[in-house]
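Student: So that we are looking at the same thing, I have put the structure below in structure tokens.
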Amino acid sequence: MAGNTKRPTGRDPVATPAWRGAYGGHGRLSGVSERSDIPTTPAADERLADSAFLRACRGQEVPHTPVWFMRQAGRSLPEYRKVREGTAMLEACARPELVTEITLQPVRRHGVDAAIYFSDIVVPLKAIGIDLDIVPGVGPVVARPFRTRADLERLRPLEDGDVSYVTEAVRLLTAELGGTPLIGFAGAPFTLASYLVEGGPSRNHEHTKALMYGDPQLWSDLLDRLADVTGAFLRVQIEAGASAVQLFDSWVGALSPADYRTRVRPASEKVFRAVAGYGVPRIHFGVGTGELLDQLGDAGADVVGVDWRVPLDEAARRTGHAKPLQGNLDPAVLFAPREAVEEQAAAVLDAARDVPAHIFNLGHGVLPTTDPDALTRLVEFVHTRTAR
């Protein structure tokens, strides 16, 4: 496979994690232990900094177009289903060894250019005491939806110790991954607010919009607190060794550009400011956000993720040819014959020919019934077709 990233070979986490991210050592969050018995690994730092994924995030020349997939560690993999059997989602997210294994599975199988930390966007909410669960076949369900100012007091700040299992898992992962970058992630304030206000997934977001329009000050305060929680959650991952972060705003495509600009974007900007000083690339992705692409970049992202509804050349025009782009093959294409998949993937690559830099991904997450071999073949196709 031309220019492919070396895959981790060991299945068990080792005891000497790399503390530093792609741009050298980071400062520590208060309360995170600095163990003198764990050495730093400058060689791993150099391999990370020179990886195809991080080079693309910085808009630099790459040996091949890097590839990773949203939800690459998940239900499409039989090995994932095996290790998750009998373990609830939120329990799995709190077990560092299990998180490590699941995160590594697609790197081993597909040879992708980056790993994405296995977790869920509601993990930090659960960690600060919000009564919620992830119901199979439904998604996150909040026991008491947020509707009044009194509910705001249930959102306390996220402390380091609330997610110590995340710190441990990231350190285990960076030790295993070596020169393969690890992407940390979090849910954006609007999407988290929607889950809290609706009480779960929503098609129309009627309660969310009712609050947004009906009590603008409460809405602003809610998003501001969620921005603090999200920023803290991303900082924990970066401090532990994540080389990049992605902010997922799954539901923000339900908004008009004007509403996003005035009622949501300030909170997302606050999240990106919270991690700006670390120097790691920041990716911003939302679904159905074709009309918001320019603002997703302007909110503070270094890379803009694009879903499958807008071709990458048009996305580049909408973002002023100012940002590397990530995307954007329709996940449903993977159910077509191999030749059709490669034809559509080639169209994505052709559309990205004049963008500042390109990271190949799907336009949303891997669908649960996707054939894993189709993903492996897609990685090889992109690497081979784009080898410099």
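Residues are referred to by chain and number: the chain letter is A, B, ... according to the order shown in the structure tokens, the number counts from 1 in that chain, and ligands are numbered separately from 1 in the order shown.
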Assign secondary structure with DSSP using the backbone only, and return the residues of range 67-297 of chain A in alpha helix (DSSP H) as a VMD selection string.

Tutor: chain A and resid 78 to 84 89 to 93 96 to 110 123 to 127 149 to 152 164 to 177 189 to 198 206 to 214 216 to 240 257 to 259 265 to 275 293 to 297

Student: Please identify every residue of range 245-306 of chain A that has at least one atom no farther than 10 Å from an atom of range 207-231 of chain A, counting only C-alpha atoms, and for each give the shortest atom pair and the distance in Å to one decimal, arranged by chain then increasing number, as JSON lines.

Tutor:
{"residue": "A:Leu247", "atom": "CA", "partner": "A:Thr230", "partner_atom": "CA", "distance": 8.9}
{"residue": "A:Ala254", "atom": "CA", "partner": "A:Lys209", "partner_atom": "CA", "distance": 9.6}
{"residue": "A:Leu255", "atom": "CA", "partner": "A:Lys209", "partner_atom": "CA", "distance": 9.1}
{"residue": "A:Asp259", "atom": "CA", "partner": "A:Met212", "partner_atom": "CA", "distance": 9.3}
{"residue": "A:Thr262", "atom": "CA", "partner": "A:Ser220", "partner_atom": "CA", "distance": 9.9}
{"residue": "A:Arg263", "atom": "CA", "partner": "A:Ser220", "partner_atom": "CA", "distance": 7.0}
{"residue": "A:Val264", "atom": "CA", "partner": "A:Leu223", "partner_atom": "CA", "distance": 7.5}
{"residue": "A:Arg265", "atom": "CA", "partner": "A:Leu223", "partner_atom": "CA", "distance": 9.8}
{"residue": "A:Pro266", "atom": "CA", "partner": "A:Asp224", "partner_atom": "CA", "distance": 8.4}
{"residue": "A:Ala267", "atom": "CA", "partner": "A:Ala227", "partner_atom": "CA", "distance": 5.6}
{"residue": "A:Ser268", "atom": "CA", "partner": "A:Ala227", "partner_atom": "CA", "distance": 6.7}
{"residue": "A:Glu269", "atom": "CA", "partner": "A:Ala227", "partner_atom": "CA", "distance": 8.6}
{"residue": "A:Lys270", "atom": "CA", "partner": "A:Ala227", "partner_atom": "CA", "distance": 6.3}
{"residue": "A:Val271", "atom": "CA", "partner": "A:Gly231", "partner_atom": "CA", "distance": 4.8}
{"residue": "A:Phe272", "atom": "CA", "partner": "A:Gly231", "partner_atom": "CA", "distance": 7.3}
{"residue": "A:Arg273", "atom": "CA", "partner": "A:Gly231", "partner_atom": "CA", "distance": 8.3}
{"residue": "A:Ala274", "atom": "CA", "partner": "A:Gly231", "partner_atom": "CA", "distance": 5.5}
{"residue": "A:Val275", "atom": "CA", "partner": "A:Gly231", "partner_atom": "CA", "distance": 6.8}

Student: Choose the residue, out of A:Leu375, A:Asn328, A:Ala316, A:Val62, that has the smallest atom-to-atom separation from Ser76 in chain A; count only C-alpha atoms.

Tutor: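 Closest to Ser76 in chain A of all the choices is A:Leu375.
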
Student: Give the answer as one residue: which of A:Thr87, A:Asn361, A:Thr369, A:Gln60 has the shortest atom-to-atom distance to Lys323 in chain A, using only C-alpha atoms?

Tutor: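 So, comparing all the options, the nearest one is A:Gln60.
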
Student: Near range 190-202 of chain A, counting only C-alpha atoms, which residues have an atom at most 7 Å away, once you skip same-chain residues fewer than 4 positions from it, shown as a list in words?

Tutor: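 My reading of the contact set: Gly139, Pro140, Val141, Val142, Ala143, Arg144, Pro145, Phe146, Arg147, His207, Thr208, Leu223, Asp249, Ser250, Trp251, Val252 and Val264 of chain A.
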
Student: Please save N, CA, C and O atoms of the selected residues as a JSON list (two decimals), in the first residue's frame.

Tutor:
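Output saved as selection30.json:
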[["chain", "number", "residue", "atom", "x", "y", "z"],
["A", 139, "GLY", "N", -30.23, 6.29, 21.52],
["A", 139, "GLY", "CA", -29.18, 7.28, 21.72],
["A", 139, "GLY", "C", -29.23, 7.82, 23.13],
["A", 139, "GLY", "O", -29.88, 7.25, 24.01],
["A", 140, "PRO", "N", -28.57, 8.96, 23.37],
["A", 140, "PRO", "CA", -28.57, 9.53, 24.71],
["A", 140, "PRO", "C", -29.97, 9.96, 25.15],
["A", 140, "PRO", "O", -30.69, 10.61, 24.40],
["A", 141, "VAL", "N", -30.34, 9.57, 26.36],
["A", 141, "VAL", "CA", -31.63, 9.95, 26.94],
["A", 141, "VAL", "C", -31.37, 10.58, 28.31],
["A", 141, "VAL", "O", -30.71, 9.99, 29.16],
["A", 142, "VAL", "N", -31.87, 11.79, 28.49],
["A", 142, "VAL", "CA", -31.67, 12.55, 29.72],
["A", 142, "VAL", "C", -32.91, 12.38, 30.60],
["A", 142, "VAL", "O", -34.04, 12.59, 30.16],
["A", 143, "ALA", "N", -32.69, 11.98, 31.85],
["A", 143, "ALA", "CA", -33.82, 11.67, 32.75],
["A", 143, "ALA", "C", -34.69, 12.89, 33.01],
["A", 143, "ALA", "O", -35.92, 12.80, 32.97],
["A", 144, "ARG", "N", -34.06, 14.03, 33.25],
["A", 144, "ARG", "CA", -34.81, 15.27, 33.52],
["A", 144, "ARG", "C", -34.35, 16.34, 32.54],
["A", 144, "ARG", "O", -33.31, 16.97, 32.74],
["A", 145, "PRO", "N", -35.09, 16.58, 31.47],
["A", 145, "PRO", "CA", -34.66, 17.57, 30.49],
["A", 145, "PRO", "C", -34.53, 18.97, 31.09],
["A", 145, "PRO", "O", -35.21, 19.31, 32.06],
["A", 146, "PHE", "N", -33.65, 19.76, 30.51],
["A", 146, "PHE", "CA", -33.42, 21.14, 30.95],
["A", 146, "PHE", "C", -34.49, 22.04, 30.33],
["A", 146, "PHE", "O", -34.63, 22.09, 29.11],
["A", 147, "ARG", "N", -35.20, 22.78, 31.15],
["A", 147, "ARG", "CA", -36.23, 23.67, 30.64],
["A", 147, "ARG", "C", -36.26, 25.03, 31.35],
["A", 147, "ARG", "O", -36.83, 25.98, 30.81],
["A", 207, "HIS", "N", -38.21, 21.91, 21.34],
["A", 207, "HIS", "CA", -37.98, 22.44, 22.68],
["A", 207, "HIS", "C", -36.71, 23.29, 22.71],
["A", 207, "HIS", "O", -36.66, 24.33, 23.40],
["A", 208, "THR", "N", -35.71, 22.84, 21.97],
["A", 208, "THR", "CA", -34.46, 23.59, 21.91],
["A", 208, "THR", "C", -34.69, 24.97, 21.32],
["A", 208, "THR", "O", -34.23, 25.99, 21.88],
["A", 223, "LEU", "N", -25.39, 27.59, 26.93],
["A", 223, "LEU", "CA", -24.32, 27.29, 25.99],
["A", 223, "LEU", "C", -22.96, 27.71, 26.53],
["A", 223, "LEU", "O", -21.95, 27.03, 26.29],
["A", 249, "ASP", "N", -20.61, 18.91, 15.93],
["A", 249, "ASP", "CA", -21.87, 19.62, 16.13],
["A", 249, "ASP", "C", -22.93, 18.94, 15.27],
["A", 249, "ASP", "O", -23.36, 19.44, 14.24],
["A", 250, "SER", "N", -23.35, 17.77, 15.74],
["A", 250, "SER", "CA", -24.18, 16.89, 14.94],
["A", 250, "SER", "C", -25.50, 17.51, 14.52],
["A", 250, "SER", "O", -26.02, 17.21, 13.44],
["A", 251, "TRP", "N", -26.09, 18.36, 15.36],
["A", 251, "TRP", "CA", -27.43, 18.86, 15.10],
["A", 251, "TRP", "C", -27.48, 20.31, 14.63],
["A", 251, "TRP", "O", -28.57, 20.83, 14.37],
["A", 252, "VAL", "N", -26.34, 20.97, 14.51],
["A", 252, "VAL", "CA", -26.35, 22.40, 14.25],
["A", 252, "VAL", "C", -26.85, 22.74, 12.85],
["A", 252, "VAL", "O", -27.24, 23.89, 12.59],
["A", 264, "VAL", "N", -25.23, 30.74, 18.63],
["A", 264, "VAL", "CA", -24.48, 29.50, 18.86],
["A", 264, "VAL", "C", -22.98, 29.68, 18.68],
["A", 264, "VAL", "O", -22.19, 29.19, 19.48]]

Student: With a distance cut-off of 9 Å and only C-alpha atoms, select the neighbouring residues of range 181-185 of chain A, excluding the residue or stretch itself and same-chain residues fewer than 4 positions from it, and output the selection as an MDAnalysis selection string.

Tutor: chainID A and resid 21:22 48:49 51 53:54 113:121 170 173:174 177 233:234 237:238 241:248

Student: So that I can check the surroundings of range 347-355 of chain A, please list as a PyMOL selection string every protein, DNA and RNA residue that reaches within 8 Å of it, counting only C-alpha atoms and ignoring chain neighbours fewer than 3 positions away.

Tutor: chain A and resi 311-313+316+321+323-325+328-329+343-344+358+360

Student: Go ahead and dump the residues you just picked, N, CA and C atoms, as a CSV table (one decimal), in the first residue's frame.

Tutor:
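File written: out19.csv
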chain,number,residue,atom,x,y,z
A,311,PRO,N,-20.0,19.4,-2.6
A,311,PRO,CA,-18.7,19.0,-3.1
A,311,PRO,C,-17.6,19.8,-2.5
A,312,LEU,N,-16.4,19.2,-2.4
A,312,LEU,CA,-15.3,19.8,-1.7
A,312,LEU,C,-14.8,21.1,-2.5
A,313,ASP,N,-14.9,21.1,-3.8
A,313,ASP,CA,-14.5,22.3,-4.5
A,313,ASP,C,-15.4,23.5,-4.1
A,316,ALA,N,-14.7,24.5,-0.6
A,316,ALA,CA,-13.5,25.4,-0.5
A,316,ALA,C,-13.9,26.8,-0.9
A,321,HIS,N,-11.2,29.3,0.4
A,321,HIS,CA,-10.0,28.6,0.1
A,321,HIS,C,-8.9,28.9,1.2
A,323,LYS,N,-8.9,27.1,4.4
A,323,LYS,CA,-8.8,26.1,5.4
A,323,LYS,C,-8.6,24.7,4.7
A,324,PRO,N,-7.8,23.8,5.3
A,324,PRO,CA,-7.8,22.4,4.9
A,324,PRO,C,-9.3,21.9,5.1
A,325,LEU,N,-9.7,21.0,4.2
A,325,LEU,CA,-11.0,20.4,4.4
A,325,LEU,C,-10.9,18.9,4.6
A,328,ASN,N,-15.3,13.7,1.8
A,328,ASN,CA,-16.7,13.7,2.3
A,328,ASN,C,-17.5,12.7,1.5
A,329,LEU,N,-17.1,11.5,1.4
A,329,LEU,CA,-17.8,10.4,0.7
A,329,LEU,C,-19.1,10.1,1.5
A,343,GLU,N,-15.2,4.8,-7.9
A,343,GLU,CA,-15.6,5.9,-8.8
A,343,GLU,C,-16.0,7.1,-7.9
A,344,GLN,N,-16.8,6.9,-6.9
A,344,GLN,CA,-17.3,8.0,-6.1
A,344,GLN,C,-16.1,8.6,-5.2
A,358,HIS,N,-6.2,18.3,2.0
A,358,HIS,CA,-7.4,17.4,2.1
A,358,HIS,C,-7.1,16.2,3.0
A,360,PHE,N,-9.1,12.7,3.7
A,360,PHE,CA,-10.2,12.0,3.2
A,360,PHE,C,-11.0,11.3,4.4

Student: Please give the complete set of residues from range 17-189 of chain A that DSSP, run on the backbone, assigns to strand (DSSP E), formatted as a PyMOL selection string.

Tutor: chain A and resi 115-116+132-135+139-142+182-187

Student: Which distance in Å separates CA of Arg81 in chain A and CA of Thr370 in chain A, to one decimal?

Tutor: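 Calculated distance between CA of Arg81 in chain A and CA of Thr370 in chain A is 13.4 Å.
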
Student: Just to confirm, what's the straight-line distance from CA of Ala357 in chain A to CA of Pro63 in chain A in Å (one decimal)?

Tutor: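 Between CA of Ala357 in chain A and CA of Pro63 in chain A the gap is 12.2 Å.
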